[in-house]
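work_24.cif, holding mmCIF, C-alpha atoms (C1' of nucleotides):
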```cif
data_entry
#
loop_
_atom_site.label_atom_id
_atom_site.label_comp_id
_atom_site.auth_asym_id
_atom_site.auth_seq_id
_atom_site.Cartn_x
_atom_site.Cartn_y
_atom_site.Cartn_z
CA MET A 1 -14.67 37.40 67.86
CA ALA A 2 -12.11 37.03 70.55
CA ARG A 3 -9.68 38.76 72.78
CA ASN A 4 -6.83 40.82 71.28
CA VAL A 5 -3.13 40.50 71.89
CA GLU A 6 -2.34 42.85 74.74
CA PHE A 7 1.33 43.61 74.19
CA ASN A 8 2.93 45.55 71.36
CA GLU A 9 4.87 42.97 69.40
CA GLU A 10 7.31 45.42 67.88
CA VAL A 11 8.25 46.84 71.27
CA ALA A 12 8.60 43.34 72.70
CA ILE A 13 10.89 42.24 69.86
CA GLN A 14 13.00 45.34 70.37
CA LYS A 15 13.39 44.51 74.06
CA ALA A 16 14.22 40.88 73.36
CA MET A 17 16.75 42.01 70.77
CA GLU A 18 18.56 44.09 73.35
CA VAL A 19 18.85 41.06 75.64
CA PHE A 20 20.16 38.78 72.89
CA TRP A 21 22.49 41.52 71.71
CA LYS A 22 24.05 41.83 75.11
CA LYS A 23 24.08 38.19 76.26
CA GLY A 24 24.18 36.24 73.01
CA TYR A 25 21.83 33.45 72.02
CA ASN A 26 23.01 30.84 74.51
CA GLY A 27 23.66 33.36 77.24
CA ALA A 28 20.12 34.73 77.26
CA SER A 29 17.57 32.69 79.18
CA LEU A 30 13.85 32.61 78.51
CA ARG A 31 13.32 34.37 81.85
CA ASP A 32 15.76 37.13 80.89
CA LEU A 33 13.80 37.58 77.70
CA THR A 34 10.25 37.53 79.04
CA ASP A 35 11.27 39.84 81.88
CA ALA A 36 12.59 42.41 79.41
CA MET A 37 9.63 41.95 77.08
CA GLN A 38 7.24 42.21 80.02
CA ILE A 39 5.11 39.33 78.85
CA ASN A 40 4.36 35.84 80.08
CA SER A 41 6.05 32.92 78.35
CA SER A 42 2.62 31.57 77.35
CA SER A 43 1.98 34.75 75.40
CA LEU A 44 5.37 34.46 73.77
CA TYR A 45 4.74 30.88 72.67
CA ASN A 46 1.23 31.76 71.51
CA THR A 47 2.27 34.59 69.26
CA ILE A 48 5.93 34.47 68.26
CA GLY A 49 7.03 30.94 68.99
CA ASP A 50 9.98 29.34 70.77
CA LYS A 51 13.38 30.75 71.64
CA GLN A 52 14.88 30.08 68.22
CA GLU A 53 11.99 31.74 66.44
CA LEU A 54 12.27 34.74 68.74
CA PHE A 55 15.97 35.00 68.00
CA VAL A 56 15.34 34.85 64.27
CA ARG A 57 12.85 37.68 64.62
CA CYS A 58 15.32 39.73 66.65
CA VAL A 59 18.20 39.29 64.22
CA GLN A 60 15.83 40.11 61.39
CA HIS A 61 14.76 43.24 63.23
CA TYR A 62 18.36 44.22 63.81
CA THR A 63 19.22 43.89 60.13
CA ASP A 64 16.04 45.73 59.14
CA LEU A 65 17.21 48.73 61.11
CA ARG A 66 20.53 48.69 59.28
CA LYS A 67 18.79 48.40 55.96
CA GLN A 68 16.74 51.49 56.75
CA ASP A 69 19.86 53.38 57.68
CA TRP A 70 21.57 52.53 54.39
CA GLU A 71 18.53 53.51 52.35
CA LYS A 72 18.30 56.80 54.16
CA ARG A 73 21.96 57.53 53.47
CA LEU A 74 21.67 56.64 49.80
CA GLY A 75 18.71 59.00 49.51
CA SER A 76 20.85 61.89 50.71
CA LYS A 77 21.71 64.71 48.33
CA LYS A 78 25.38 64.66 49.20
CA ALA A 79 28.11 63.42 46.86
CA PRO A 80 28.73 59.66 47.03
CA PHE A 81 32.20 60.08 48.46
CA ALA A 82 30.89 62.39 51.17
CA ILE A 83 28.21 59.84 52.07
CA LEU A 84 30.87 57.14 52.28
CA VAL A 85 33.21 59.17 54.46
CA ASP A 86 30.35 60.25 56.71
CA TYR A 87 29.27 56.66 57.05
CA ILE A 88 32.74 55.50 58.03
CA HIS A 89 33.03 58.23 60.62
CA GLU A 90 29.65 57.48 62.10
CA ALA A 91 30.42 53.78 62.08
CA VAL A 92 33.52 54.56 64.11
CA GLY A 93 31.30 56.53 66.49
CA VAL A 94 29.00 53.55 66.91
CA ILE A 95 31.93 51.29 67.74
CA ILE A 96 33.40 53.73 70.22
CA ASN A 97 30.20 54.77 71.94
CA GLY A 98 28.17 51.57 71.78
CA GLU A 99 28.71 49.16 74.60
CA ASP A 100 27.71 45.85 73.07
CA SER A 101 29.55 45.55 69.78
CA CYS A 102 27.57 44.58 66.67
CA MET A 103 24.81 42.03 67.04
CA ALA A 104 25.22 40.76 63.48
CA VAL A 105 28.91 40.08 64.03
CA LYS A 106 28.37 38.44 67.41
CA SER A 107 25.63 36.24 65.99
CA ALA A 108 27.76 35.28 63.00
CA PHE A 109 30.48 33.94 65.29
CA GLU A 110 28.17 32.39 67.88
CA VAL A 111 25.48 30.68 65.86
CA ALA A 112 25.77 31.15 62.08
CA THR A 113 27.82 27.96 61.72
CA ASN A 114 25.02 25.85 63.18
CA ASP A 115 21.83 27.75 62.44
CA GLN A 116 21.00 27.99 58.75
CA ARG A 117 18.17 30.50 59.12
CA ILE A 118 20.31 32.95 61.05
CA LYS A 119 23.07 32.47 58.54
CA GLU A 120 20.74 33.37 55.68
CA ILE A 121 19.56 36.54 57.38
CA LEU A 122 23.15 37.56 58.00
CA ILE A 123 24.17 36.79 54.44
CA ALA A 124 21.35 38.97 53.15
CA ASP A 125 22.43 41.73 55.52
CA ASN A 126 26.02 41.39 54.38
CA ASP A 127 24.98 41.54 50.75
CA ARG A 128 23.06 44.75 51.37
CA ALA A 129 26.07 46.25 53.16
CA TYR A 130 28.18 45.25 50.19
CA GLN A 131 25.77 46.84 47.69
CA PHE A 132 25.66 50.02 49.73
CA LEU A 133 29.44 50.30 49.74
CA TYR A 134 29.87 49.14 46.17
CA ASN A 135 27.53 51.78 44.79
CA LEU A 136 29.19 54.56 46.73
CA ILE A 137 32.68 53.47 45.74
CA LYS A 138 31.74 53.03 42.07
CA ASN A 139 30.09 56.44 41.91
CA SER A 140 32.98 58.05 43.72
CA MET A 141 35.29 56.61 41.10
CA GLU A 142 33.21 58.08 38.33
CA GLN A 143 33.33 61.43 40.04
CA GLY A 144 37.08 61.17 40.51
CA GLN A 145 37.45 60.98 44.30
CA ILE A 146 38.56 57.36 44.31
CA SER A 147 41.25 55.98 42.04
CA THR A 148 39.90 53.60 39.41
CA GLU A 149 42.98 51.52 39.77
CA GLU A 150 41.27 48.98 42.03
CA ASP A 151 38.18 46.87 41.52
CA PRO A 152 35.30 48.51 43.42
CA ALA A 153 33.91 45.06 44.25
CA LEU A 154 37.14 44.16 46.00
CA LEU A 155 37.21 47.43 47.91
CA ALA A 156 33.61 46.95 49.04
CA ASP A 157 34.31 43.42 50.26
CA TYR A 158 37.48 44.58 51.89
CA PHE A 159 35.91 47.33 53.91
CA ASN A 160 32.88 45.25 54.76
CA SER A 161 35.17 42.81 56.49
CA THR A 162 37.84 45.19 57.82
CA TRP A 163 35.19 46.93 59.77
CA THR A 164 34.38 43.79 61.77
CA GLY A 165 37.85 43.64 63.23
CA TRP A 166 37.55 47.15 64.60
CA TYR A 167 34.84 45.85 66.92
CA GLU A 168 37.13 43.16 68.26
CA SER A 169 39.93 45.65 68.72
CA TYR A 170 37.65 47.95 70.67
CA ILE A 171 36.33 45.15 72.90
CA LEU A 172 39.88 44.28 73.92
CA HIS A 173 41.68 47.62 74.00
CA LYS A 174 38.92 50.17 74.40
CA ASP A 175 41.16 52.59 72.53
CA PRO A 176 39.20 55.13 70.44
CA ILE A 177 42.35 56.58 68.89
CA LYS A 178 43.31 53.22 67.48
CA ILE A 179 39.96 52.85 65.72
CA LYS A 180 40.04 56.41 64.42
CA ARG A 181 43.54 56.01 63.01
CA MET A 182 42.60 52.81 61.23
CA ALA A 183 39.55 54.50 59.76
CA GLU A 184 41.62 57.42 58.53
CA TYR A 185 44.14 55.07 57.03
CA PHE A 186 41.39 53.24 55.21
CA ILE A 187 39.92 56.44 53.80
CA LYS A 188 43.37 57.57 52.71
CA GLN A 189 44.02 54.26 50.97
CA LEU A 190 40.72 54.61 49.17
CA SER A 191 41.20 58.12 47.95
CA LYS A 192 44.73 57.93 46.65
CA MET B 1 52.17 9.08 99.52
CA ALA B 2 48.98 8.80 97.59
CA ARG B 3 47.35 7.92 94.34
CA ASN B 4 48.40 9.75 91.17
CA VAL B 5 46.21 11.61 88.72
CA GLU B 6 45.24 9.11 86.07
CA PHE B 7 44.51 11.31 83.07
CA ASN B 8 46.94 13.39 81.09
CA GLU B 9 46.00 16.95 81.88
CA GLU B 10 47.45 18.42 78.71
CA VAL B 11 45.52 16.01 76.52
CA ALA B 12 42.33 16.67 78.49
CA ILE B 13 42.70 20.45 78.11
CA GLN B 14 43.28 20.02 74.40
CA LYS B 15 40.05 18.00 74.10
CA ALA B 16 38.07 20.49 76.17
CA MET B 17 39.48 23.29 74.06
CA GLU B 18 38.12 21.69 70.93
CA VAL B 19 34.64 21.50 72.45
CA PHE B 20 34.69 25.14 73.59
CA TRP B 21 36.13 26.19 70.25
CA LYS B 22 33.28 24.58 68.37
CA LYS B 23 30.35 25.31 70.71
CA GLY B 24 31.42 28.44 72.53
CA TYR B 25 31.48 28.92 76.29
CA ASN B 26 27.74 28.95 76.89
CA GLY B 27 27.02 26.39 74.21
CA ALA B 28 29.31 23.75 75.71
CA SER B 29 27.85 21.76 78.60
CA LEU B 30 29.84 20.12 81.36
CA ARG B 31 28.77 16.72 79.95
CA ASP B 32 30.02 17.68 76.48
CA LEU B 33 33.32 18.59 78.06
CA THR B 34 33.85 15.60 80.35
CA ASP B 35 32.80 13.24 77.55
CA ALA B 36 35.46 14.67 75.26
CA MET B 37 38.05 14.78 78.01
CA GLN B 38 37.16 11.23 79.03
CA ILE B 39 37.22 12.03 82.70
CA ASN B 40 34.64 12.18 85.47
CA SER B 41 33.44 15.57 86.62
CA SER B 42 34.78 14.86 90.11
CA SER B 43 38.27 14.52 88.64
CA LEU B 44 37.78 17.74 86.77
CA TYR B 45 36.73 19.63 89.87
CA ASN B 46 39.53 18.04 91.89
CA THR B 47 42.31 19.05 89.56
CA ILE B 48 41.38 21.91 87.27
CA GLY B 49 38.33 23.51 88.84
CA ASP B 50 34.94 24.63 87.61
CA LYS B 51 33.73 25.41 84.11
CA GLN B 52 35.08 28.96 84.11
CA GLU B 53 38.49 27.83 85.25
CA LEU B 54 38.53 25.14 82.58
CA PHE B 55 37.65 27.70 79.96
CA VAL B 56 40.42 29.99 81.11
CA ARG B 57 42.87 27.13 80.81
CA CYS B 58 41.61 26.30 77.32
CA VAL B 59 41.85 29.85 76.03
CA GLN B 60 45.29 30.10 77.57
CA HIS B 61 46.28 26.89 75.84
CA TYR B 62 44.95 28.19 72.54
CA THR B 63 46.94 31.38 72.78
CA ASP B 64 50.05 29.45 73.87
CA LEU B 65 49.93 27.51 70.64
CA ARG B 66 49.79 30.73 68.67
CA LYS B 67 52.67 32.15 70.61
CA GLN B 68 54.78 29.12 69.76
CA ASP B 69 53.91 29.51 66.10
CA TRP B 70 55.01 33.14 66.05
CA GLU B 71 58.25 32.39 67.82
CA LYS B 72 59.02 29.63 65.38
CA ARG B 73 58.39 31.93 62.44
CA LEU B 74 60.54 34.69 63.86
CA GLY B 75 63.34 32.18 64.31
CA SER B 76 63.32 31.38 60.61
CA LYS B 77 66.24 32.37 58.41
CA LYS B 78 64.07 33.95 55.76
CA ALA B 79 63.83 37.67 55.11
CA PRO B 80 61.27 39.49 57.29
CA PHE B 81 59.08 40.33 54.34
CA ALA B 82 59.06 36.71 53.20
CA ILE B 83 58.08 35.58 56.71
CA LEU B 84 55.27 38.11 56.70
CA VAL B 85 53.93 37.11 53.29
CA ASP B 86 54.18 33.41 54.16
CA TYR B 87 52.31 34.05 57.38
CA ILE B 88 49.51 35.86 55.61
CA HIS B 89 49.18 33.09 53.06
CA GLU B 90 49.12 30.39 55.69
CA ALA B 91 46.64 32.38 57.74
CA VAL B 92 44.39 32.44 54.71
CA GLY B 93 44.80 28.68 54.49
CA VAL B 94 43.74 28.29 58.11
CA ILE B 95 40.61 30.36 57.50
CA ILE B 96 39.70 28.47 54.36
CA ASN B 97 40.44 24.97 55.58
CA GLY B 98 39.55 25.25 59.25
CA GLU B 99 35.95 24.59 60.09
CA ASP B 100 35.52 26.46 63.33
CA SER B 101 36.86 29.95 62.82
CA CYS B 102 39.27 31.38 65.40
CA MET B 103 38.70 30.58 69.05
CA ALA B 104 40.26 33.82 70.24
CA VAL B 105 37.95 35.89 68.05
CA LYS B 106 34.86 33.89 69.01
CA SER B 107 35.73 34.20 72.68
CA ALA B 108 36.35 37.92 72.37
CA PHE B 109 32.85 38.47 71.03
CA GLU B 110 31.10 35.96 73.30
CA VAL B 111 32.63 36.51 76.71
CA ALA B 112 35.42 39.13 76.79
CA THR B 113 32.95 41.89 77.64
CA ASN B 114 31.88 40.11 80.83
CA ASP B 115 34.86 38.00 81.83
CA GLN B 116 37.89 40.00 82.87
CA ARG B 117 40.29 37.05 83.04
CA ILE B 118 39.48 35.92 79.51
CA LYS B 119 39.80 39.49 78.34
CA GLU B 120 43.28 39.76 79.80
CA ILE B 121 44.44 36.56 78.13
CA LEU B 122 43.10 37.79 74.81
CA ILE B 123 44.71 41.18 75.23
CA ALA B 124 48.06 39.54 75.89
CA ASP B 125 47.56 37.36 72.81
CA ASN B 126 46.65 40.39 70.73
CA ASP B 127 49.70 42.25 71.95
CA ARG B 128 51.95 39.37 70.94
CA ALA B 129 50.33 39.24 67.51
CA TYR B 130 50.93 42.96 67.24
CA GLN B 131 54.59 42.63 68.19
CA PHE B 132 55.08 39.83 65.72
CA LEU B 133 53.64 41.90 62.89
CA TYR B 134 55.28 45.12 63.98
CA ASN B 135 58.75 43.63 63.99
CA LEU B 136 58.33 42.08 60.58
CA ILE B 137 56.93 45.27 59.09
CA LYS B 138 59.60 47.44 60.63
CA ASN B 139 62.39 45.18 59.43
CA SER B 140 60.85 44.92 55.98
CA MET B 141 60.86 48.71 55.82
CA GLU B 142 64.52 48.80 56.69
CA GLN B 143 65.24 46.29 53.99
CA GLY B 144 63.20 48.24 51.47
CA GLN B 145 60.29 45.90 50.73
CA ILE B 146 57.70 48.03 52.49
CA SER B 147 57.35 51.77 51.94
CA THR B 148 58.35 53.82 54.96
CA GLU B 149 55.58 56.23 54.21
CA GLU B 150 53.28 54.72 56.83
CA ASP B 151 53.68 54.15 60.53
CA PRO B 152 54.54 50.46 61.09
CA ALA B 153 52.52 50.52 64.33
CA LEU B 154 49.43 51.54 62.41
CA LEU B 155 49.98 48.88 59.78
CA ALA B 156 50.43 46.19 62.44
CA ASP B 157 47.22 47.24 64.21
CA TYR B 158 45.44 47.44 60.94
CA PHE B 159 46.30 43.98 59.77
CA ASN B 160 45.72 42.49 63.20
CA SER B 161 42.15 43.65 63.02
CA THR B 162 41.49 43.27 59.29
CA TRP B 163 42.26 39.64 59.61
CA THR B 164 39.36 39.09 62.04
CA GLY B 165 36.83 40.17 59.44
CA TRP B 166 38.05 37.55 57.01
CA TYR B 167 36.81 34.91 59.42
CA GLU B 168 33.36 36.41 59.48
CA SER B 169 33.31 36.70 55.71
CA TYR B 170 34.23 33.05 55.37
CA ILE B 171 31.61 31.88 57.89
CA LEU B 172 28.92 33.60 55.85
CA HIS B 173 30.05 33.22 52.26
CA LYS B 174 32.40 30.26 52.31
CA ASP B 175 34.19 31.86 49.38
CA PRO B 176 37.93 31.13 49.32
CA ILE B 177 38.53 33.43 46.35
CA LYS B 178 37.15 36.38 48.27
CA ILE B 179 39.58 35.81 51.14
CA LYS B 180 42.51 35.29 48.83
CA ARG B 181 41.82 38.47 46.90
CA MET B 182 41.58 40.49 50.09
CA ALA B 183 44.87 39.04 51.27
CA GLU B 184 46.54 39.88 47.97
CA TYR B 185 45.17 43.39 48.14
CA PHE B 186 46.52 43.81 51.63
CA ILE B 187 49.99 42.61 50.63
CA LYS B 188 49.97 44.91 47.62
CA GLN B 189 48.98 47.87 49.78
CA LEU B 190 51.82 47.08 52.11
CA SER B 191 54.51 46.75 49.52
CA LYS B 192 53.83 49.81 47.45
"C1'" DC C 1 52.18 -5.37 104.47
"C1'" DC C 2 50.53 -1.20 106.57
"C1'" DA C 3 48.99 3.27 106.86
"C1'" DA C 4 48.05 7.50 104.96
"C1'" DT C 5 46.61 9.93 101.34
"C1'" DT C 6 44.56 10.96 96.97
"C1'" DC C 7 42.08 9.78 92.95
"C1'" DT C 8 37.94 7.85 90.47
"C1'" DG C 9 33.11 6.42 89.31
"C1'" DA C 10 28.49 6.62 89.90
"C1'" DA C 11 24.94 8.73 91.83
"C1'" DA C 12 22.73 12.54 93.70
"C1'" DC C 13 22.21 17.54 94.35
"C1'" DA C 14 19.70 21.89 93.89
"C1'" DT C 15 18.91 25.19 90.14
"C1'" DT C 16 17.95 26.62 85.93
"C1'" DT C 17 16.58 25.59 81.49
"C1'" DG C 18 12.96 25.76 77.61
"C1'" DT C 19 8.27 24.62 77.21
"C1'" DT C 20 3.32 23.37 78.29
"C1'" DT C 21 -0.91 23.39 80.78
"C1'" DC C 22 -5.16 25.30 82.04
"C1'" DA C 23 -8.49 28.07 84.56
"C1'" DG C 24 -10.12 32.44 84.18
"C1'" DA C 25 -10.13 37.10 82.12
"C1'" DA C 26 -11.09 39.74 77.99
"C1'" DT C 27 -13.14 40.80 73.76
"C1'" DA C 28 -15.53 40.54 69.23
"C1'" DA C 29 -19.61 39.28 66.68
"C1'" DC C 30 -24.23 38.15 66.97
"C1'" DG D 1 -26.36 39.73 76.96
"C1'" DT D 2 -24.92 35.70 75.24
"C1'" DT D 3 -21.69 32.93 72.98
"C1'" DA D 4 -17.64 31.73 70.93
"C1'" DT D 5 -13.09 32.49 70.69
"C1'" DT D 6 -8.61 34.00 72.14
"C1'" DC D 7 -5.41 35.86 75.29
"C1'" DT D 8 -3.10 36.05 79.94
"C1'" DG D 9 -1.05 34.67 84.50
"C1'" DA D 10 0.62 31.50 87.49
"C1'" DA D 11 1.97 27.20 88.14
"C1'" DA D 12 3.84 23.03 86.71
"C1'" DC D 13 6.62 20.18 83.56
"C1'" DA D 14 10.50 17.19 82.29
"C1'" DA D 15 15.04 17.63 81.02
"C1'" DA D 16 19.43 19.66 81.35
"C1'" DT D 17 22.52 22.42 83.84
"C1'" DG D 18 26.83 23.06 86.92
"C1'" DT D 19 28.40 21.10 91.05
"C1'" DT D 20 29.05 18.00 95.18
"C1'" DT D 21 29.13 13.80 97.71
"C1'" DC D 22 31.18 9.65 99.12
"C1'" DA D 23 32.42 4.83 99.11
"C1'" DG D 24 35.90 2.33 97.27
"C1'" DA D 25 40.00 1.79 94.30
"C1'" DA D 26 44.81 2.96 93.73
"C1'" DT D 27 49.24 4.40 94.93
"C1'" DT D 28 53.02 6.01 97.67
"C1'" DG D 29 56.36 5.98 101.58
"C1'" DG D 30 57.48 3.68 105.75
#
```

Turn the structure described in the file into structure tokens.
Amino acid sequence: MARNVEFNEEVAIQKAMEVFWKKGYNGASLRDLTDAMQINSSSLYNTIGDKQELFVRCVQHYTDLRKQDWEKRLGSKKAPFAILVDYIHEAVGVIINGEDSCMAVKSAFEVATNDQRIKEILIADNDRAYQFLYNLIKNSMEQGQISTEEDPALLADYFNSTWTGWYESYILHKDPIKIKRMAEYFIKQLSK
Amino acid sequence: MARNVEFNEEVAIQKAMEVFWKKGYNGASLRDLTDAMQINSSSLYNTIGDKQELFVRCVQHYTDLRKQDWEKRLGSKKAPFAILVDYIHEAVGVIINGEDSCMAVKSAFEVATNDQRIKEILIADNDRAYQFLYNLIKNSMEQGQISTEEDPALLADYFNSTWTGWYESYILHKDPIKIKRMAEYFIKQLSK
DNA sequence: CCAATTCTGAAACATTTGTTTCAGAATAAC
DNA sequence: GTTATTCTGAAACAAATGTTTCAGAATTGG
């Protein structure tokens, strides 16, 4: 028996996420955030909590979206190796066309050392990325598209981390060719 | 005919660098910085300038140190391939034993998108890293330790970026074995 | 020693920060 | 329609931010 929350929380989190993504945790002010979310700070503190809590929710939301993407890809009817190669190509597209790098990577470098909760969310995200890659690599080996010479666990870890550096490269050099060549090299290394 | 600057500027920059390195640009406050530098803010503004200028000087200093390290390594009497392998191993050591990741990488993700001057310093640093690697790879090819099958430019780019992801991996998982295995894999890929 | 100049320390500055307050608007249950 | 509860908007909060001010200390060259 009372008034209802007026704003759509999911939409508001999405908007806040975009601000944090672009400006980072310390770079985003409460005003920046509430402006984008189109709510008053009292509403924010009443429902979601303080700045840290909001950030946690945003990073969680970001990693949820990635999780959904991986699940969707794994549910595809294509061959594992085709899914993997598609994923790499689309990942390259995200790097080249996106304008704000990866929020998980940025957050890892900015706050994961000091904020345990964020760190845990990012670890979970990283573990899911690893599982996604591991399964595809393992299955591709069984189907003969990837040499069984290497440990699939190592390859999964390796790509999971390689991939991060491509973001840095693109921030500095803005050179799509460079990213594409590195991706091709990686795929070639895998398949031979 | 006037008073001299009391503090040692180089020492002060070094101290400020450590604060920025640990806390990031936005996370470090002017008080944090002047406390570490042991100078008054008026002295800072009189000699070096504002916070941005100080940061520029710190990032510059950081990249200068790296430059010196590369030059020293290139001046060594060892074979190129040995220099390269040593460098990779020591780089792994820095990741595993350091507690604050790489300042150049952190800065790239936090501010390079918005701050053109920082971006330029980091690009120059990246180019030097590239040259260092490129020369070693090229010479190792000529001496037969690295297969000439691949383009040395690609390999240099590739390692330069791969390397960044190892930092992220270590922030999240704090697993030295993981980093070491990836390094070994990279060296193996190179040499075959 | 004097004069000119420059540096330092402490305090103050205006903004911006994250957060709280509270009167009034809105709604659900009765 | 009343009542109880909860949400919203605007304003206010103290603390922290980056920066400036300025009196006095220090140093140099004459």

*With the file shown as input, list the residues that the PyMOL selection byres ((chain B) within 7 of (chain A)) selects, as a ChimeraX atom specification.*
/B:24,26-27,106,108-110,113,119,123,158,161-166,168-169,171-172,182

*If you apply the PyMOL selection byres ((chain A) within 9 of (chain D)) to this file, what residues do you get, as a PyMOL selection string?*
chain A and resi 1-6+39-40+42-43+46

*asked:* Just checking: using only C-alpha atoms (C1' of nucleotides), which residue out of B:Ser140, B:Gln38, B:Ser147, B:Gln68 ends up closest to chain C?
replied: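 The shortest atom-to-atom distance to chain C comes from B:Gln38.
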
*Choose the residue, out of B:Ser76, B:Asn8, B:Ser41, B:Thr34, that has the smallest atom-to-atom separation from chain C; count all atoms listed in the file.*
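For chain C, the nearest of the candidates is B:Ser41.
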
*asked:* As an exercise, work out the distance from atom CA of A:Arg57 to atom C1' of C:DT20 in Å and give it to one decimal place.
replied: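 Atom CA of A:Arg57 sits 22.0 Å away from atom C1' of C:DT20.
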
*How many Å separate atom CA of B:Tyr134 from atom CA of B:Ala156?*
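Distance reported for this atom pair: 5.2 Å.
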
_Gap from atom CA of B:Trp21 to atom CA of B:Leu33 - Å, one decimal_ =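 These two atoms are separated by 11.3 Å.
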